[in-house]
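Note sheet for the following structure.
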Amino acid sequence: MAEHSKRFPVQHIIGFVLSIVLTVLAAWAALGSDLPVKWIIAGIMTLAVIQVGIQLFMFMHMTERESGGGHVPWNMMFHGFVLAAIIVAGSLFTMSFGFTHDHDDGGNHQQEEQQEEHSGH
Amino acid sequence: MKLDEFFVTGEPLVYGGMVSIVLVTSAVIFLLTYFKRWGWLWREWLTTVDHKKIGIMYILSALAMLFRGGMDAMMMRIQLAFPNMNFLNAQHYDEIFTTHGTIMIIFMAMPFLIGLMNIIVPLQIGARDFAFPFVNALSFWSFFFGAMLFNISFVIGGSPDAGWTSYTPLSGAAMSPGPGQNFYLMGLQLSGIGTLATGINLMVTILKMRAPGMKLFKMPIFTWSTLVTCFIIIFAFPILTVALALLTIDRIFGAQFFTVTGEGMPMMWANLFWMWGHPEVYIVILPAFGIFSEVIATFARKRLFGYHAMVWSMILIAGLSFLVWVHHFFTMGAGAFVNSVFSVSTMLIAVPTGVKIFNWLATLYKSKIEFTTPMMWSLAFIPSFVLGGVTGVMLGMAAADYQFHNSYFLIAHFHYVLIAGTVFACFAGLEYWYPKMFGHKLNERFGKLAFWFFVIGFHVTFFPQYFVGLDGMPRRVFYIIPEWMPLNVISTVGAFGMGIGFAIFVFNIYYSYRNSEREKTGDSWDGRTLEWATPTPVPFYNFATVPHADKYDAFLAMKKKGETTFDEEKLKPIHMPSNTGQPIIMMAIAAFASFALIFEWITLAVIGLVGVLIMMGIRSFDYDEGYHVEVDEIKRIEREARGL
């Protein structure tokens, strides 16, 4: 027990440093670089995928064996993905479905239109 | 910043509050010094990692918050019964309904239930503590400091006044300048850390630390309700965390997530808030269902009817709770199709809930009911909660909701579910498990008196509100027209009845401490589940020997076989965690940082955050492995406790 907790956590340190480096890289791409916007978005997306991989394999016990009652991390991750889908799809559904789309520059004018529509009655 | 900007000035009621805060604090400090109890307080309570003591601290704080929230409610009721008396002005009224709602949900209902879970769940599953005792202490202190931070707002800086839902753009920097809303944001954020950590902690405890033989579907129903609740906490609270963080960034650093100007989307706040907020109401109702199930099974002297159906309906409720949030803002105008979808999903929730109601009735059917106080609360719960549930289905019909929305009909509905569900359960659970916590029962006579005052007061308060709501009285108004007066006066009378009930309840705690017979066995009510297998008071290691629990109602089976949790031959040294002062210090520093951020003193906030990081570093290099309780000592403690 004592021996286990005093071992130097090499993998965690590597993961920690890598995740910080990736974050700084993404911040630099968005704030400091002169790359075209499309490249920046594609770049950040790629970095994000790598980041997720690092988190999952180095911190989130992805590689752990199954223990009594199923693989809990996988189970929780599955539900996490379901919930993320609900949040994103649900927000799009409730916040934009049925609103008129006269302008093509984002969703934020819709509320004002709705407002005007109501006050017009 | 001048002193009169820092403190709230000009309100006689607030001055009264200041004086009482100073008096109570000085009295506590004096008593602790006079009786030389500082060391005891630090060693036994402030640094403890024992789940039972942390649970007791949760419940004490929750009772204090119930008092604070109740006082807010009383003031609102006085204002509405005598609107011409100018008891509260519009601003003060706004602040009071905001703090009432926030405190009752976040700082009363949840901590009360989490306190009961803290004490009971490890005992019910045959564990010796939480999976992460340190984190448990950390959770408590984050809740405690969050609650204090929120509560102090009415004397320092000014209370939030945008409702407990804190809808943008009203709660944004443009329309609510000053520290008020920041108190709401940081208080909830700080205590939210604790709630999330407890959710994870309890889930791991239940999944990994059950007694040998206890399969998931052999667990007591309260533990099941806790497991399902933890699941909801883990998936719902991050949404609140993110929403609060976005609004904080909006208010303090000038971003435009929820503002009207600068391409913000104010309605997104309502959307995110209720994505957390609806699961939240199940976080406070599912454990209540668990408590009622335990109490009803115990005092009906019958196995809980339809155990599997009970569990599956809870799981179903948990799943559906993430799919109904739009019913809180049908009138936002998302369109008929969106509203219809959420209307249907809302009504679906009534199905598993109905299953549970019928299971409780079936448990009671043809049983020999013992009318103890916890059982009375549970019996009162069933019809009262049905009233709240049925009006909930009415509110769930989108078209009709356009009439009910923001009226007192809604107020009556959610008080019917939250008081008849959660508050009754808190009282029932506290009285039911009280002997396990404190070694004596609460007096039945005073308990029943408190019960009748509270329950009758509750119905007198909230039943008229359905009708005054249908008469068109909107919520959150401090002044009313004469047509609404009679019903409002009745409501106020009822509110005082509830207040008297609560006062009797608190008096009963004192009275029973002085006069109640001490428990001689651990099994106060002829219980069915493992928590009653321990002696009373529960030794700090809970179980000298962990029983093999392969039957539902494990303790009932043990009693039949004549087994106890003290088998001298199987005794082994017990590994226990050491007490530590780190959680309270870390969270005190976090509270300091939050306080600085509330007043937008960025330098101080950064210093505080660095302090928190340093504490985390210290914790990371803390190699304390706890200690072992030797067999001889276990024998001594157990023999004494069991009178062998």
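Following the order of the structure tokens, first chain is A, next is B, and so on, with residues numbered from 1 inside each chain and ligands from 1 in the order they appear.
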
Polymer residues at most 8 Å from Pro577 (chain B), only C-alpha atoms, same-chain spacing of 6 or more positions, as a PyMOL selection string: chain B and resi 49+133+625-627

Test item: chain B residues at most 10 Å from chain A, counting only C-alpha atoms, as a ChimeraX atom specification: /B:204,207-208,215-216,231,234-236,239,260-268,271-272,275,322-323,325-326,330,332-339,342,621-625

Non-local contacts of Asp553 (chain B) (8 Å; only C-alpha atoms; under 6 positions in same chain excluded) as a list in words: Lys218, Pro220, Arg303, Arg528, Thr529 and Leu530 of chain B

Could you write those residues out with C-alpha atoms, as a short mmCIF file (atom, residue, chain, number, x, y, z; two decimals), in the first residue's frame?
```
data_model
loop_
_atom_site.label_atom_id
_atom_site.label_comp_id
_atom_site.auth_asym_id
_atom_site.auth_seq_id
_atom_site.Cartn_x
_atom_site.Cartn_y
_atom_site.Cartn_z
CA LYS B 218 -30.19 -6.89 -2.58
CA PRO B 220 -31.79 -1.49 0.85
CA ARG B 303 -41.32 -6.43 3.13
CA ARG B 528 -34.85 -4.66 8.77
CA THR B 529 -31.65 -3.28 7.28
CA LEU B 530 -28.00 -3.38 8.30
#
```

Residue list (alpha helix (DSSP H), DSSP) for region 478-521 of chain B, as a VMD selection string: chain B and resid 485 to 515

Atom pair CA of Met60 (chain A) / CA of Ala197 (chain B): separation (Å):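 Calculated distance between CA of Met60 (chain A) and CA of Ala197 (chain B) is 16.1 Å.
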
Computed interatomic separation between CA of Gln582 (chain B) and CA of Thr205 (chain B) (Å):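 Taking CA of Gln582 (chain B) and CA of Thr205 (chain B), their separation equals 21.7 Å.
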